[in-house]
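Beneath this line is the structure, given in structure tokens, with notes to follow.
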Amino acid sequence: MPAHSDAASAPAAAWRMPRWARHSGLVAGGIILAIIFLMGLLAPVLAPYNPYDQNLLARIVPPIWHETGTWAHPLGTDHLGRDYLSRLLYGARVSVFIGVTVAFVSGIIGTVLGVTAGYFGGKTDTVISFIITARLALPVILVALAVVALFGSSLSVVVGVLGLLLWDRFALVMRATTQQIRDADFVMAAKVQGASTWQIIMQEIMPNLATNITVVATLEIAQAIVLEAALSFLGLGVPPPLPSWGLMLAEGKSFILFDPWLITIPGMLLFGLVLAINLVGDGLRDVTAPDSRN
Amino acid sequence: MLRFVLRRSGSALILMVVVSFVAFMLIFAAGDPAVKLAGEAGSAADAARIRAFYGFDQPIYLQFLHWIGAALHGNLGHSLYFDQPVSAILFDRLGTTLLLGLVSFIFALAISLPLGIAAARWQNTWIDRTALIVAVIGQAMPTFWFALLLVVMFSVIWPILPTSGSETWRHFIMPSVVLGYFAAPAIMRLTRSGMILALETDYVRTARALGIAPRKVLLKYALRNAVIPVVSVSAAQFGYMLAGSVVVESVFAINGAGRLAWESILRSDLPTVQALVLCFSLIYVILTFVADVLNAWLDPRMRLADARA
Amino acid sequence: MLLDVQDLTIDIPTASGVLHAVQGISFSVDEGETLCIVGESGCGKSLTALAVMDLLPRRAIRAATSLAFSGRDLRGLSREAMNRLRGDRIAMIFQEPMTSLNPVFTIGDQMIDVLRQHRKVSRREARDRAVYLLDKVGISSPEARLAQYPHQLSGGLRQRVMIAMALMCDPKLILADEPTTALDVTIQAELLRLLMALQQEFGMGLVLITHDLGIVSRMADKVAVMYAGQIVESGTAETIFNDPLHPYTQGLMACLPAPERQRMQHLKAIPGAVPALVGAIEGCRFRGRCAHAQPVCERDVALREPAGAHPYRCVLPAETSRDNARAVLGAGA
């Protein structure tokens, strides 16, 4: 095709918002994310009560916008009379902590596997690709539930099992990206200059993977947060009385008939957090995509 | 084609063996299973008896061969809780889950394919943006919360649907919507990007230049090409959906394999858990295998590869 | 007049400004006549064909004072009416035989679709027509070919299939955009001969778009030489080849291997590159590469037709141009 029609055909196959919206998605996601991070970080300062303190005289107090709501408990209390706002604030800590640590663990595993497979190719690649396929075949939630049941539920077990399970996307993306740049000129140049394999991987390959690692990490943080909530919801995540949003949903489930706010509020937060992370991830991918200047 | 199917089933078979080994090893993950089974009240003698009964004292590879051999004969072990063969309980429950999965999958395709195609056809219009918002929300929505919201909406505020059980088709509506919406975004995104690429190809330009009706260009000439990668992702999403049934079935109290898995885990009914992990993994392996074969058949370049070789 | 195009312009808005891809070109083709549009890639010749077909990229803006096919104004035609015309009365053949056929459908399926789109005929009849045309374009055992997929055919065969597909509805006009560029030289010659034979047999008008003056010399009745979105010279094939007046045409001809020219003379390429057509442009588009550029070339040059010459777009008088031609191309020109 002549250059003209090349310039004329729209390049974007990736799903993009218009420029302003893409930007606002990134900004909005970033703001929500910052708020939730701060919530978790400043929970001891912000929380009006100790999140574990029970008050059996003030059980299931509705939030302030209900007629019977009170400023003593702006977001009400749960079935044990614990202040909902305080629990939500501390719950942000659990979600953020789990998301980040799981992404860190799985990021290391996945990146090592992916880069190794992508860089060396051949038999190494065959073996690692097979491991990735085998991992994909395992039902994550089932295995995670079983492992938590066997080891007993605790924060570190949840982080461990999710970290050991959620590396597949890291591995797939890093493998593909490494394959793409393995034969690039600058890698060749480093080889010719006698750089060792280790030097090439650390100095030439890894810097070029940074963007992709960040994007995949955001996706995995989101997934880890949802999975932790799901595990806790099923009673096999973080142990009570730790304030996890998933656990709060599980506890609120029994009161769904008369006090649905017990599940809508933590659910909204969970949804908002995951949405924000995804928006930031999508935004980062778009901003760093080579044709974003177009 | 035949050669491809054979080669592909070979690797699927190896995968099955590896996956079964992982499923088998699950009970050793947390140390001596005999001690676990004996429970805190159990004495060392109890543990020893259990060890002998289950053959835990034998080398692991022997135990594995024994287990896999029995599984091949349809014997998936003995449920500690039900005190009957796992297979007897499993197949009935698996049927319910597969039915739920199928209905959910149809729902997922019913929203993702038309929306994905429309978003590609009317790229950068309000249709495209609406579809994008539907996808973004679907990706961020935790299944169990969505399930609870639906219960609040359609069983509490506006009670038209039953909250639990699996007796009638109406029981399947909410669970299928939840699972289907969980699977839809990935399929939708891929359909859209595949269609956009297909619509920019030379062969679509040829079809337009020869006056083929726009609808036919879209739904025949472009879609048939765009759908090939969608098949793989759909199969994977189907697999994830079945695994997701653990959550959804426990919210809606559906007596399927997912709920059985959850309950068995809570009851430490390890043989049942093992068998379920195995089943879900094998279903995933089979699904991806079927998807690969279907793809090879959909793409004549692959279908006819042997004839030329 | 089969196709009459007057003052066609194509503008494409881009991030860096409006791309003036085609700037007011005019040409016409009659039944049984071959018009060759010659120019380097990027000169707007492909977009010109797409503009006639109403297949421009969505962002492109098309304008013309006349765009008539068989006396019918194409400008006001509804999308449906234009679609009925495409493939039926006007057909187009593209440059990329490897990618222009749909990989997942058989040759037969795609050919039958074209006829059944425009005519109320049975599959059987459409099939017979496809077999007839595959045979016509020189494909052996056409019955068997119908069941084959594009990837089972060579590039040359695929382009024959494309030609047969374009002929399914017996069109009056064929637009062929570099139909042989992607193919081997020997196959090129065969295909061009075939195209010419078919054109004569069916009495079609043919617009052949090419960068290859060698092809033009064999095929054309009329020639329009395009440069940077403008026609710089046009006339009958005879006048253009015997009496090239524009320095660009002369340059193109100097690049042509000619038996009558001395063997020792090297083939040359015109130095320099086509100017960017984004934003406001003024002056002769070719002046940056022209050996005869003068200050006056900074101003726009009109396509003029002085007495005793054909239309060309250069400030040089015809006689001076002819002297230049002799100097560039040798006495034989």
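Chain labels run A, B, ... following the order of the structure tokens; each chain numbers its residues from 1, and ligands are numbered from 1 in the order shown.
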Enumerate the residues of region 175-261 of chain A with a DSSP assignment of alpha helix (DSSP H), computed from the backbone, and present them as a short mmCIF file (atom, residue, chain, number, x, y, z; two decimals) with C-alpha atoms, in the first residue's frame.
data_model
loop_
_atom_site.label_atom_id
_atom_site.label_comp_id
_atom_site.auth_asym_id
_atom_site.auth_seq_id
_atom_site.Cartn_x
_atom_site.Cartn_y
_atom_site.Cartn_z
CA ARG A 175 8.44 -15.03 27.52
CA ALA A 176 6.82 -13.36 24.53
CA THR A 177 8.52 -10.01 25.13
CA THR A 178 11.93 -11.56 25.66
CA GLN A 179 11.56 -13.52 22.43
CA GLN A 180 10.84 -10.26 20.63
CA ILE A 181 13.91 -8.43 21.86
CA ARG A 182 16.29 -11.35 22.12
CA ASP A 185 20.54 -5.01 17.61
CA PHE A 186 21.44 -3.75 21.06
CA VAL A 187 21.43 -7.31 22.43
CA MET A 188 23.60 -8.43 19.53
CA ALA A 189 25.95 -5.54 20.17
CA ALA A 190 26.30 -6.52 23.81
CA LYS A 191 27.01 -10.11 22.76
CA VAL A 192 29.64 -9.04 20.30
CA THR A 197 24.52 -14.08 29.47
CA TRP A 198 23.78 -12.79 32.95
CA GLN A 199 24.92 -9.28 32.02
CA MET A 206 15.33 -6.59 31.93
CA PRO A 207 15.17 -2.79 31.47
CA ASN A 208 13.05 -3.38 28.39
CA LEU A 209 10.64 -5.58 30.31
CA ALA A 210 10.01 -3.02 33.05
CA THR A 211 6.88 -1.56 31.47
CA ASN A 212 5.32 -4.92 30.82
CA ILE A 213 6.17 -6.11 34.30
CA THR A 214 4.40 -3.07 35.73
CA VAL A 215 1.32 -3.61 33.60
CA VAL A 216 1.07 -7.32 34.41
CA ALA A 217 1.74 -6.57 38.06
CA THR A 218 -1.27 -4.27 38.24
CA LEU A 219 -3.46 -6.99 36.75
CA GLU A 220 -2.10 -9.56 39.18
CA ILE A 221 -2.53 -7.26 42.18
CA ALA A 222 -6.17 -6.91 41.20
CA GLN A 223 -6.56 -10.64 40.76
CA ALA A 224 -4.87 -11.44 44.04
CA ILE A 225 -7.14 -9.02 45.87
CA VAL A 226 -10.26 -10.57 44.36
CA LEU A 227 -9.02 -14.09 45.10
CA GLU A 228 -8.18 -13.27 48.69
CA ALA A 229 -11.65 -11.81 49.10
CA ALA A 230 -13.17 -14.91 47.50
CA LEU A 231 -11.15 -17.24 49.74
CA SER A 232 -12.08 -15.23 52.82
CA PHE A 233 -15.68 -15.16 51.64
CA TRP A 245 -13.46 -7.11 52.93
CA GLY A 246 -14.15 -10.62 51.67
CA LEU A 247 -14.65 -11.84 55.21
CA MET A 248 -16.98 -8.92 55.91
CA LEU A 249 -19.01 -9.90 52.86
CA ALA A 250 -19.22 -13.46 54.14
CA GLU A 251 -20.35 -12.30 57.57
CA GLY A 252 -22.83 -9.85 56.11
CA TRP A 261 -25.80 -2.44 53.21
#
**Study point:** Contact residues (chain C, partner chain A, 8 Å, only C-alpha atoms) as a list in words
**Key:**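 Using only C-alpha atoms, chain C residues at most 8 Å from chain A: Ile12, Thr14, Ala15, Ala21, Ser41, Gly42, Gly44, Ser46, Leu47, Pro57, Arg59 and Ala60 of chain C.
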Check your understanding: With distances taken over only C-alpha atoms, which of A:Met202, A:Leu142, A:Val238, A:Val173 is nearest to chain B?
Key ->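 Comparing A:Met202, A:Leu142, A:Val238, A:Val173 against chain B, the winner is A:Leu142.
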Revision key, fill the gap. Separating CA of Ser104 (chain B) from CA of Ser166 (chain B), to the nearest tenth of an Å, is a gap of 13.9 Å
**Study point:** Residues near Thr201 (chain B), cut-off 9 Å, only C-alpha atoms, skip fewer than 6 positions along chain, as an MDAnalysis selection string
**Key:** (chainID B and resid 222) or (chainID C and resid 99:100)
Given the selection you just returned, output its residues as a file containing C-alpha atoms, formatted as a JSON list (two decimals), in the first residue's frame.
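This is the output file selection-v1.json:
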[["chain", "number", "residue", "atom", "x", "y", "z"],
["B", 222, "ALA", "CA", -14.33, -10.84, 8.70],
["C", 99, "THR", "CA", -3.52, -11.40, 1.01],
["C", 100, "SER", "CA", -6.40, -10.23, -1.15]]
